[in-house]
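Visitor: Right, I'll just put the structure down here and ask away after.
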Amino acid sequence: MEDCIFCKIIKKEIPSKIVYEDEEVIAFNDINPATPIHILVVPKKHIETLLEVTQEDNTLISHIYQTINKIAKENGFAENGFRIIANCGKDSGQEVMHIHFHILAGKKLGDKIVD
Ligand code: 5GP
Ligand code: ZN
């Protein structure tokens, strides 16, 4: 946890462009955006991969999806649409071992979800 980049962003030890924050989650711009709008929604609880999500996290996961909706509406891309990606494990290319949800928006996305 001490070495987790996202925990450091949560603790403001690493700067980020914060889009939204409350007690449970933080959302900030991806440092290397894949689309014109690329926001990461991250729970403040350190959970390494989606495989570690349990029933205890039901409220948290629901809150994340409601946060995504709020961000989409407040940032003007709800109507045009967006894509959510959450990587899990090595075949997905998960780089940061703290669960996060990518919001990709701001352009017409490709028909293929993966290459
Ligand atoms: P993953 O591949 O784990 O699903 O995605 C990790 C994402 O975190 C990548 O898109 C990467 O650009 C982003 N990222 C990695 N380090 C930082 C950082 O220090 N700040 C921000 N804002 N994004 C980061
Ligand atoms: Zn962490």
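Identifiers for the structure tokens are assigned positionally: chains receive A, B, ... in sequence, residues are indexed from 1 per chain, and ligands are indexed from 1 in the order shown.
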Within 9 Å of ligand 2, counting only C-alpha atoms and all ligand atoms: which residues, as a ChimeraX atom specification?

Guide: /A:1-10,43-48,96-99

Visitor: Write the residues of the preceding selection, restricted to N, CA, C and O atoms, as a tab-separated table (two decimals), in the first residue's frame.

Guide:
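See selection-v7.tsv below for the written result:
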```
chain	number	residue	atom	x	y	z
A	1	MET	N	0.82	-1.21	0.00
A	1	MET	CA	0.00	0.00	0.00
A	1	MET	C	0.86	1.26	0.00
A	1	MET	O	0.50	2.26	-0.61
A	2	GLU	N	2.01	1.19	0.71
A	2	GLU	CA	2.88	2.38	0.78
A	2	GLU	C	3.40	2.76	-0.60
A	2	GLU	O	3.66	3.92	-0.87
A	3	ASP	N	3.56	1.72	-1.45
A	3	ASP	CA	4.11	1.98	-2.78
A	3	ASP	C	3.04	2.19	-3.84
A	3	ASP	O	3.36	2.33	-5.01
A	4	CYS	N	1.80	2.23	-3.42
A	4	CYS	CA	0.71	2.32	-4.40
A	4	CYS	C	0.55	3.76	-4.89
A	4	CYS	O	0.31	4.68	-4.10
A	5	ILE	N	0.68	3.93	-6.20
A	5	ILE	CA	0.59	5.27	-6.80
A	5	ILE	C	-0.77	5.90	-6.50
A	5	ILE	O	-0.85	7.10	-6.18
A	6	PHE	N	-1.83	5.10	-6.61
A	6	PHE	CA	-3.16	5.69	-6.41
A	6	PHE	C	-3.40	6.04	-4.95
A	6	PHE	O	-4.06	7.04	-4.66
A	7	CYS	N	-2.86	5.24	-4.01
A	7	CYS	CA	-2.96	5.63	-2.59
A	7	CYS	C	-2.23	6.96	-2.36
A	7	CYS	O	-2.69	7.80	-1.59
A	8	LYS	N	-1.12	7.15	-3.05
A	8	LYS	CA	-0.37	8.41	-2.92
A	8	LYS	C	-1.16	9.58	-3.51
A	8	LYS	O	-1.14	10.68	-2.97
A	9	ILE	N	-1.85	9.33	-4.61
A	9	ILE	CA	-2.71	10.38	-5.20
A	9	ILE	C	-3.84	10.72	-4.22
A	9	ILE	O	-4.17	11.89	-4.00
A	10	ILE	N	-4.43	9.68	-3.62
A	10	ILE	CA	-5.53	9.87	-2.65
A	10	ILE	C	-5.03	10.72	-1.47
A	10	ILE	O	-5.73	11.61	-1.00
A	43	PRO	N	-11.69	3.97	-5.89
A	43	PRO	CA	-12.13	3.96	-4.49
A	43	PRO	C	-10.96	4.30	-3.58
A	43	PRO	O	-9.82	3.94	-3.87
A	44	LYS	N	-11.24	4.96	-2.47
A	44	LYS	CA	-10.15	5.29	-1.53
A	44	LYS	C	-9.68	4.04	-0.80
A	44	LYS	O	-8.54	3.99	-0.35
A	45	LYS	N	-10.54	3.05	-0.70
A	45	LYS	CA	-10.13	1.77	-0.12
A	45	LYS	C	-9.16	1.07	-1.07
A	45	LYS	O	-9.45	0.95	-2.27
A	46	HIS	N	-8.02	0.64	-0.54
A	46	HIS	CA	-7.04	-0.05	-1.39
A	46	HIS	C	-7.47	-1.49	-1.60
A	46	HIS	O	-7.35	-2.33	-0.71
A	47	ILE	N	-7.96	-1.77	-2.81
A	47	ILE	CA	-8.32	-3.14	-3.22
A	47	ILE	C	-7.44	-3.42	-4.43
A	47	ILE	O	-7.46	-2.65	-5.40
A	48	GLU	N	-6.64	-4.51	-4.36
A	48	GLU	CA	-5.63	-4.70	-5.41
A	48	GLU	C	-6.21	-5.00	-6.79
A	48	GLU	O	-5.79	-4.43	-7.79
A	96	VAL	N	-1.65	-0.59	-12.49
A	96	VAL	CA	-1.71	-0.10	-11.11
A	96	VAL	C	-2.59	-1.05	-10.30
A	96	VAL	O	-3.77	-1.27	-10.63
A	97	MET	N	-1.99	-1.62	-9.25
A	97	MET	CA	-2.68	-2.66	-8.48
A	97	MET	C	-3.54	-2.04	-7.38
A	97	MET	O	-3.33	-2.28	-6.17
A	98	HIS	N	-4.47	-1.25	-7.80
A	98	HIS	CA	-5.47	-0.61	-6.93
A	98	HIS	C	-6.65	-0.40	-7.87
A	98	HIS	O	-6.49	0.32	-8.88
A	99	ILE	N	-7.77	-1.02	-7.61
A	99	ILE	CA	-8.83	-1.04	-8.62
A	99	ILE	C	-9.24	0.37	-9.06
A	99	ILE	O	-9.23	1.31	-8.26
```

Visitor: Counting only C-alpha atoms and all ligand atoms, name the residues that have an atom within 12 Å of an atom of ligand 1; the answer should be given as JSON, numbers by chain.

Guide: {"A": [3, 4, 5, 6, 7, 8, 9, 10, 12, 13, 14, 15, 16, 17, 18, 19, 26, 27, 28, 29, 30, 31, 32, 33, 34, 35, 37, 38, 39, 40, 41, 42, 48, 49, 50, 84, 85, 86, 87, 88, 89, 90, 91, 92, 93, 94, 95, 96, 97, 98, 99, 100, 101, 102, 103, 104]}

Visitor: If we count only C-alpha atoms, what is near Gly110 of chain A at a cut-off of 12 Å, once residues fewer than 4 positions away on the same chain are taken out, given as a ChimeraX atom specification?

Guide: /A:35,82-83,104-105,114-115

Visitor: Please return, as a list in words, all residues of chain A that DSSP assigns to alpha helix (DSSP H) on the basis of the backbone.

Guide: Ile5, Phe6, Cys7, Lys8, Ile9, Ile10, Asn58, Thr59, Leu60, Ile61, Ser62, His63, Ile64, Tyr65, Gln66, Thr67, Ile68, Asn69, Lys70, Ile71, Ala72, Lys73 and Glu74 of chain A

Visitor: Can you tell me which residues surround Thr67 of chain A at a distance of at most 10 Å, considering only C-alpha atoms, apart from same-chain residues fewer than 5 positions away, and format the answer as a ChimeraX atom specification?

Guide: /A:20-22,25-27,41,61-62,72-73

Visitor: Kindly give the distance, in Å, that separates atom CA of Ile113 of chain A and atom CA of Glu24 of chain A, rounded to a single decimal.

Guide: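 Taking atom CA of Ile113 of chain A as the start and atom CA of Glu24 of chain A as the end point, the length is 28.8 Å.
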
Visitor: So how many Å separate atom CA of Gly81 of chain A and atom CA of Lys107 of chain A, to one decimal?

Guide: 9.0 Å

Visitor: Quick one: pull the distance between atom CA of His63 of chain A and atom CA of Leu109 of chain A, Å, one decimal.

Guide: 25.4 Å
